[in-house]
Amino acid sequence: MSVNRTRRVISSVRGDAAGSARTYGRSVVGHAILLAHGPGALAGWDRPIAAGFALGSLCFIVGPLPGVVQLVGVGADAVIFFAGSILFTFAASLELRQATLRRGARFGMDATWWSAAVQWIGTLLFNLDTYDAMQTGLSSQQEDRLIWTPDVVGSACFLVSGVLAYRVAIHKGERGRLRHMAVINLAGCVLFMVSAIASYVVPDTGSILALAAANWTTALGAACFLVGAVLLWPNHHHVPFQEVPT
């Protein structure tokens with residue numbers, strides 16, 4: 001079983017382009033009531049989001065590196081990828097919650113919210129793929145169905161999410177850190193899509209379509225998301241806020 005089959009939930013890391021000066025005290029069904037005002041009140045959420053994406057990225061940088069699976073074994077290497085997927089689902093969940101609170105509602109025509117929502121769906125698919133990759137004794141057909149299929153669909157979700165975030169940044173004329181985050185995030189999404197396609201298990205031979213390409217694009221994509229997570233870490237003070245569950 002190759003390293004590549006155990007990989008990837010590298011979440012797309014991006015700055016939430018929403019956050020113009022508006023009041024955040026509205027009750028959102030299923031969420032908390034945020035008792036603070038202004039976009040700075042939500043800056044505290046960027047820290048756990050960035051930390052989750054950064055730690056998850058490190059898992060997916062280390063996992064496919066040459067020699068790691070030989071050093072720790074296939075089972076332990078699979079656990080590294082699964083742990084990374086859980087960290088990214090945690091961070092993506094917080095990001096979706098943050099986007100929902102910022103706009104005061106779910107759904108609608110907000111591309112930023114949909115970027116976070118599609119990303120979150122992708123992380124759930126990657127949880128399935130990395131969990132199934134910890135199993136042994138799967139046939140080539142089972143690996144393609146249980147591991148490759150959710151992997152490639154999840155990668156497609158991440159690519160859509162990255163494109164939406166990039167378009168938001170371009171449309172709003174973002175410069176500096178936010179624009180860099182959108183570009184780096186999109187590059188990571190493209191690399192992960194390439195990795196997903198390259199990881200297809202050929203039924204006739206039982207081998208990965210392009211193992212080296214799949215592993216290196218996984219690591220490079222993870223490196224992009226790590227840089228994005230570092231850029232996401234807020235470098236300003238935020239307004240303390242209080243939450244009251246609904």
# chains A, B, ... in the order shown; residues from 1 in each chain; ligands from 1

$ residues_around --residues "Ala92 (chain A)" --least-positions-apart "6" --cutoff "10 Å" --atoms "only C-alpha atoms" --output "list in words"
Ser11, Ser12, Val13, Ile49, Ala50, Gly52, Phe53, Ile86, Gln98, Ala116, Ala117, Val118, Gln119, Trp120, Ile121, Gly122, Thr123 and Leu124 of chain A

$ write_last_selection --atoms "C-alpha atoms" --output "PDB file, in the first residue's frame"
ATOM      1  CA  SER A  11      -7.782  22.403   3.533  1.00  0.00           C
ATOM      2  CA  SER A  12      -7.862  25.466   1.549  1.00  0.00           C
ATOM      3  CA  VAL A  13      -6.674  28.269   3.709  1.00  0.00           C
ATOM      4  CA  ILE A  49      -8.504  28.392  12.285  1.00  0.00           C
ATOM      5  CA  ALA A  50      -4.924  29.207  11.287  1.00  0.00           C
ATOM      6  CA  GLY A  52      -5.719  23.948  12.728  1.00  0.00           C
ATOM      7  CA  PHE A  53      -4.771  24.449   9.093  1.00  0.00           C
ATOM      8  CA  ILE A  86      -9.395  15.850  11.473  1.00  0.00           C
ATOM      9  CA  GLN A  98     -17.141  32.529  11.240  1.00  0.00           C
ATOM     10  CA  ALA A 116     -16.185  28.114   3.227  1.00  0.00           C
ATOM     11  CA  ALA A 117     -19.189  25.764   2.899  1.00  0.00           C
ATOM     12  CA  VAL A 118     -17.823  23.878  -0.117  1.00  0.00           C
ATOM     13  CA  GLN A 119     -14.442  23.608   1.609  1.00  0.00           C
ATOM     14  CA  TRP A 120     -16.130  22.105   4.682  1.00  0.00           C
ATOM     15  CA  ILE A 121     -17.903  19.490   2.540  1.00  0.00           C
ATOM     16  CA  GLY A 122     -14.540  18.620   0.995  1.00  0.00           C
ATOM     17  CA  THR A 123     -13.016  18.023   4.419  1.00  0.00           C
ATOM     18  CA  LEU A 124     -15.755  15.536   5.291  1.00  0.00           C
TER      19      LEU A 124
END

$ residues_around --residues "Ile170 (chain A)" --least-positions-apart "4" --cutoff "9 Å" --atoms "only C-alpha atoms" --output "ChimeraX atom specification"
/A:165-166,174-175,179,182

$ closest_atom_pairs --of "region 107-183 of chain A" --to "region 215-221 of chain A" --cutoff "12 Å" --atoms "only C-alpha atoms" --output "tab-separated table"
residue	atom	partner	partner_atom	distance
A:Asp151	CA	A:Thr218	CA	11.9
A:Ser155	CA	A:Thr218	CA	11.1
A:Phe158	CA	A:Gly221	CA	11.6
A:Leu159	CA	A:Gly221	CA	11.7

$ write_last_selection --atoms "C-alpha atoms" --output "mmCIF file, in the first residue's frame"
data_model
loop_
_atom_site.group_PDB
_atom_site.id
_atom_site.type_symbol
_atom_site.label_atom_id
_atom_site.label_comp_id
_atom_site.auth_asym_id
_atom_site.auth_seq_id
_atom_site.Cartn_x
_atom_site.Cartn_y
_atom_site.Cartn_z
ATOM 1 C CA ASP A 151 -10.406 11.947 -2.505
ATOM 2 C CA SER A 155 -10.239 17.758 -4.148
ATOM 3 C CA PHE A 158 -11.444 22.357 -2.571
ATOM 4 C CA LEU A 159 -10.671 23.608 -6.074
#

$ select_by_dssp --residues "region 9-219 of chain A" --states "strand (DSSP E)" --output "ChimeraX atom specification"
/A:23-24,32-34,36-37,201-202,207-208

$ closest_residue --among "A:Gln141, A:Pro150, A:Leu94, A:Pro66" --to "Ser207 (chain A)" --atoms "only C-alpha atoms"
A:Gln141

$ atom_distance --atom1 "CA of Arg47 (chain A)" --atom2 "CA of Thr100 (chain A)"
17.2 Å

$ closest_residue --among "A:Val79, A:Ala198, A:Val160, A:Leu186" --to "Asn127 (chain A)" --atoms "only C-alpha atoms"
A:Val79

$ closest_residue --among "A:Asn185, A:Thr149, A:Thr89, A:Ser139" --to "Thr205 (chain A)" --atoms "only C-alpha atoms"
A:Ser139

$ select_by_dssp --residues "region 105-243 of chain A" --states "alpha helix (DSSP H)" --output "MDAnalysis selection string"
chainID A and resid 111:132 140:143 149:171 177:198 211:232

$ write_last_selection --atoms "C-alpha atoms" --output "PDB file, in the first residue's frame"
ATOM      1  CA  ALA A 111     -19.447  33.786  -2.552  1.00  0.00           C
ATOM      2  CA  THR A 112     -17.272  33.951   0.566  1.00  0.00           C
ATOM      3  CA  TRP A 113     -19.790  31.896   2.549  1.00  0.00           C
ATOM      4  CA  TRP A 114     -20.090  29.330  -0.233  1.00  0.00           C
ATOM      5  CA  SER A 115     -16.306  29.078  -0.463  1.00  0.00           C
ATOM      6  CA  ALA A 116     -16.185  28.114   3.227  1.00  0.00           C
ATOM      7  CA  ALA A 117     -19.189  25.764   2.899  1.00  0.00           C
ATOM      8  CA  VAL A 118     -17.823  23.878  -0.117  1.00  0.00           C
ATOM      9  CA  GLN A 119     -14.442  23.608   1.609  1.00  0.00           C
ATOM     10  CA  TRP A 120     -16.130  22.105   4.682  1.00  0.00           C
ATOM     11  CA  ILE A 121     -17.903  19.490   2.540  1.00  0.00           C
ATOM     12  CA  GLY A 122     -14.540  18.620   0.995  1.00  0.00           C
ATOM     13  CA  THR A 123     -13.016  18.023   4.419  1.00  0.00           C
ATOM     14  CA  LEU A 124     -15.755  15.536   5.291  1.00  0.00           C
ATOM     15  CA  LEU A 125     -15.001  13.591   2.126  1.00  0.00           C
ATOM     16  CA  PHE A 126     -11.312  13.620   2.997  1.00  0.00           C
ATOM     17  CA  ASN A 127     -12.135  12.275   6.455  1.00  0.00           C
ATOM     18  CA  LEU A 128     -13.741   9.288   4.727  1.00  0.00           C
ATOM     19  CA  ASP A 129     -10.828   8.792   2.344  1.00  0.00           C
ATOM     20  CA  THR A 130      -8.099   8.943   5.004  1.00  0.00           C
ATOM     21  CA  TYR A 131     -10.108   6.754   7.399  1.00  0.00           C
ATOM     22  CA  ASP A 132     -10.617   4.066   4.757  1.00  0.00           C
ATOM     23  CA  SER A 140      -7.716  -2.257  -6.222  1.00  0.00           C
ATOM     24  CA  GLN A 141     -11.422  -1.769  -6.951  1.00  0.00           C
ATOM     25  CA  GLN A 142     -12.176  -1.155  -3.265  1.00  0.00           C
ATOM     26  CA  GLU A 143      -9.317   1.333  -2.993  1.00  0.00           C
ATOM     27  CA  THR A 149     -13.384   8.520  -5.235  1.00  0.00           C
ATOM     28  CA  PRO A 150     -13.944  10.622  -2.083  1.00  0.00           C
ATOM     29  CA  ASP A 151     -10.406  11.947  -2.505  1.00  0.00           C
ATOM     30  CA  VAL A 152     -10.954  13.228  -6.040  1.00  0.00           C
ATOM     31  CA  VAL A 153     -14.447  14.596  -5.268  1.00  0.00           C
ATOM     32  CA  GLY A 154     -13.120  16.294  -2.133  1.00  0.00           C
ATOM     33  CA  SER A 155     -10.239  17.758  -4.148  1.00  0.00           C
ATOM     34  CA  ALA A 156     -12.768  19.099  -6.657  1.00  0.00           C
ATOM     35  CA  CYS A 157     -14.649  20.731  -3.774  1.00  0.00           C
ATOM     36  CA  PHE A 158     -11.444  22.357  -2.571  1.00  0.00           C
ATOM     37  CA  LEU A 159     -10.671  23.608  -6.074  1.00  0.00           C
ATOM     38  CA  VAL A 160     -14.126  25.186  -6.367  1.00  0.00           C
ATOM     39  CA  SER A 161     -13.661  26.720  -2.919  1.00  0.00           C
ATOM     40  CA  GLY A 162     -10.255  28.125  -3.872  1.00  0.00           C
ATOM     41  CA  VAL A 163     -11.572  29.603  -7.126  1.00  0.00           C
ATOM     42  CA  LEU A 164     -14.457  31.283  -5.287  1.00  0.00           C
ATOM     43  CA  ALA A 165     -12.091  32.771  -2.694  1.00  0.00           C
ATOM     44  CA  TYR A 166      -9.743  34.001  -5.426  1.00  0.00           C
ATOM     45  CA  ARG A 167     -12.588  35.631  -7.358  1.00  0.00           C
ATOM     46  CA  VAL A 168     -13.791  37.375  -4.206  1.00  0.00           C
ATOM     47  CA  ALA A 169     -10.297  38.761  -3.594  1.00  0.00           C
ATOM     48  CA  ILE A 170      -9.982  39.971  -7.200  1.00  0.00           C
ATOM     49  CA  HIS A 171     -13.505  41.426  -7.299  1.00  0.00           C
ATOM     50  CA  ARG A 177      -1.785  39.725   2.562  1.00  0.00           C
ATOM     51  CA  LEU A 178      -5.371  38.852   1.577  1.00  0.00           C
ATOM     52  CA  ARG A 179      -4.551  38.649  -2.115  1.00  0.00           C
ATOM     53  CA  HIS A 180      -1.412  36.606  -1.451  1.00  0.00           C
ATOM     54  CA  MET A 181      -3.470  34.193   0.647  1.00  0.00           C
ATOM     55  CA  ALA A 182      -6.032  33.745  -2.147  1.00  0.00           C
ATOM     56  CA  VAL A 183      -3.332  33.067  -4.774  1.00  0.00           C
ATOM     57  CA  ILE A 184      -1.356  30.655  -2.586  1.00  0.00           C
ATOM     58  CA  ASN A 185      -4.531  28.865  -1.554  1.00  0.00           C
ATOM     59  CA  LEU A 186      -5.595  28.423  -5.171  1.00  0.00           C
ATOM     60  CA  ALA A 187      -2.154  27.046  -6.079  1.00  0.00           C
ATOM     61  CA  GLY A 188      -2.480  24.498  -3.270  1.00  0.00           C
ATOM     62  CA  CYS A 189      -5.933  23.480  -4.513  1.00  0.00           C
ATOM     63  CA  VAL A 190      -4.615  22.925  -8.048  1.00  0.00           C
ATOM     64  CA  LEU A 191      -1.725  20.828  -6.722  1.00  0.00           C
ATOM     65  CA  PHE A 192      -4.124  18.699  -4.687  1.00  0.00           C
ATOM     66  CA  MET A 193      -6.359  18.139  -7.707  1.00  0.00           C
ATOM     67  CA  VAL A 194      -3.320  16.949  -9.676  1.00  0.00           C
ATOM     68  CA  SER A 195      -2.352  14.681  -6.798  1.00  0.00           C
ATOM     69  CA  ALA A 196      -5.848  13.189  -6.598  1.00  0.00           C
ATOM     70  CA  ILE A 197      -5.894  12.375 -10.315  1.00  0.00           C
ATOM     71  CA  ALA A 198      -2.375  10.925 -10.197  1.00  0.00           C
ATOM     72  CA  LEU A 211       2.971   7.703  -7.479  1.00  0.00           C
ATOM     73  CA  ALA A 212       5.899  10.140  -7.438  1.00  0.00           C
ATOM     74  CA  ALA A 213       3.802  12.955  -8.906  1.00  0.00           C
ATOM     75  CA  ALA A 214       0.979  12.254  -6.439  1.00  0.00           C
ATOM     76  CA  ASN A 215       3.293  12.344  -3.425  1.00  0.00           C
ATOM     77  CA  TRP A 216       5.205  15.474  -4.436  1.00  0.00           C
ATOM     78  CA  THR A 217       2.108  17.448  -5.382  1.00  0.00           C
ATOM     79  CA  THR A 218       0.568  16.468  -2.042  1.00  0.00           C
ATOM     80  CA  ALA A 219       3.609  17.812  -0.160  1.00  0.00           C
ATOM     81  CA  LEU A 220       3.829  20.968  -2.276  1.00  0.00           C
ATOM     82  CA  GLY A 221       0.108  21.615  -1.920  1.00  0.00           C
ATOM     83  CA  ALA A 222       0.437  21.186   1.838  1.00  0.00           C
ATOM     84  CA  ALA A 223       3.322  23.662   1.851  1.00  0.00           C
ATOM     85  CA  CYS A 224       1.096  26.203   0.082  1.00  0.00           C
ATOM     86  CA  PHE A 225      -1.601  25.746   2.708  1.00  0.00           C
ATOM     87  CA  LEU A 226       0.939  26.069   5.494  1.00  0.00           C
ATOM     88  CA  VAL A 227       2.044  29.427   4.099  1.00  0.00           C
ATOM     89  CA  GLY A 228      -1.608  30.435   3.841  1.00  0.00           C
ATOM     90  CA  ALA A 229      -2.192  29.470   7.464  1.00  0.00           C
ATOM     91  CA  VAL A 230       0.755  31.596   8.586  1.00  0.00           C
ATOM     92  CA  LEU A 231      -0.615  34.540   6.595  1.00  0.00           C
ATOM     93  CA  LEU A 232      -4.053  34.000   8.131  1.00  0.00           C
TER      94      LEU A 232
END

$ residues_around --residues "Ile208 (chain A)" --least-positions-apart "4" --cutoff "8 Å" --atoms "only C-alpha atoms" --output "mmCIF file with N, CA and C atoms, in the first residue's frame"
data_model
loop_
_atom_site.group_PDB
_atom_site.id
_atom_site.type_symbol
_atom_site.label_atom_id
_atom_site.label_comp_id
_atom_site.auth_asym_id
_atom_site.auth_seq_id
_atom_site.Cartn_x
_atom_site.Cartn_y
_atom_site.Cartn_z
ATOM 1 N N SER A 2 0.656 2.142 -0.912
ATOM 2 C CA SER A 2 1.539 3.297 -1.063
ATOM 3 C C SER A 2 1.187 4.391 -0.075
ATOM 4 N N ALA A 198 -3.556 11.785 -10.059
ATOM 5 C CA ALA A 198 -2.375 10.925 -10.197
ATOM 6 C C ALA A 198 -2.418 9.720 -9.276
ATOM 7 N N SER A 199 -3.248 9.751 -8.231
ATOM 8 C CA SER A 199 -3.274 8.661 -7.258
ATOM 9 C C SER A 199 -4.234 7.532 -7.631
ATOM 10 N N TYR A 200 -4.833 7.613 -8.798
ATOM 11 C CA TYR A 200 -5.760 6.553 -9.228
ATOM 12 C C TYR A 200 -5.048 5.197 -9.268
ATOM 13 N N VAL A 201 -5.701 4.195 -8.726
ATOM 14 C CA VAL A 201 -5.139 2.837 -8.713
ATOM 15 C C VAL A 201 -5.608 2.106 -9.967
ATOM 16 N N VAL A 202 -4.678 1.741 -10.823
ATOM 17 C CA VAL A 202 -5.005 1.041 -12.065
ATOM 18 C C VAL A 202 -5.436 -0.382 -11.728
#

$ residues_around --residues "Arg106 (chain A)" --least-positions-apart "2" --cutoff "10 Å" --atoms "only C-alpha atoms" --output "list in words"
Val28, Val29, Leu96, Arg97, Ala99, Thr100, Leu101, Arg103, Gly104, Gly108, Met109, Asp110, Trp113, Trp114 and Ala117 of chain A

$ write_last_selection --atoms "N, CA and C atoms" --output "short mmCIF file (atom, residue, chain, number, x, y, z; two decimals), in the first residue's frame"
data_model
loop_
_atom_site.label_atom_id
_atom_site.label_comp_id
_atom_site.auth_asym_id
_atom_site.auth_seq_id
_atom_site.Cartn_x
_atom_site.Cartn_y
_atom_site.Cartn_z
N VAL A 28 -28.40 34.07 14.95
CA VAL A 28 -28.34 33.17 13.80
C VAL A 28 -28.77 31.79 14.29
N VAL A 29 -29.82 31.26 13.71
CA VAL A 29 -30.35 29.98 14.16
C VAL A 29 -29.27 28.91 14.06
N LEU A 96 -16.34 28.12 8.57
CA LEU A 96 -17.72 28.21 8.10
C LEU A 96 -18.59 28.93 9.13
N ARG A 97 -18.37 28.62 10.40
CA ARG A 97 -19.13 29.30 11.46
C ARG A 97 -18.82 30.80 11.46
N ALA A 99 -17.79 32.62 8.90
CA ALA A 99 -18.40 33.23 7.72
C ALA A 99 -19.89 33.42 7.91
N THR A 100 -20.55 32.45 8.58
CA THR A 100 -21.99 32.55 8.83
C THR A 100 -22.29 33.70 9.78
N LEU A 101 -21.51 33.82 10.84
CA LEU A 101 -21.73 34.90 11.78
C LEU A 101 -21.47 36.26 11.15
N ARG A 103 -21.89 37.19 8.02
CA ARG A 103 -22.94 37.63 7.10
C ARG A 103 -24.30 37.62 7.78
N GLY A 104 -24.43 36.97 8.94
CA GLY A 104 -25.69 36.99 9.69
C GLY A 104 -26.71 35.99 9.22
N GLY A 108 -27.69 32.08 0.60
CA GLY A 108 -27.67 33.38 -0.06
C GLY A 108 -26.67 33.40 -1.21
N MET A 109 -26.36 34.61 -1.66
CA MET A 109 -25.49 34.80 -2.82
C MET A 109 -24.07 35.20 -2.43
N ASP A 110 -23.70 34.97 -1.20
CA ASP A 110 -22.38 35.37 -0.70
C ASP A 110 -21.33 34.34 -1.12
N TRP A 113 -19.15 32.94 1.74
CA TRP A 113 -19.79 31.90 2.55
C TRP A 113 -19.77 30.56 1.82
N TRP A 114 -20.08 30.57 0.53
CA TRP A 114 -20.09 29.33 -0.23
C TRP A 114 -18.69 28.74 -0.35
N ALA A 117 -18.29 26.92 2.81
CA ALA A 117 -19.19 25.76 2.90
C ALA A 117 -18.71 24.61 2.02
#

$ atom_distance --atom1 "CA of Pro234 (chain A)" --atom2 "CA of Gly63 (chain A)"
27.8 Å
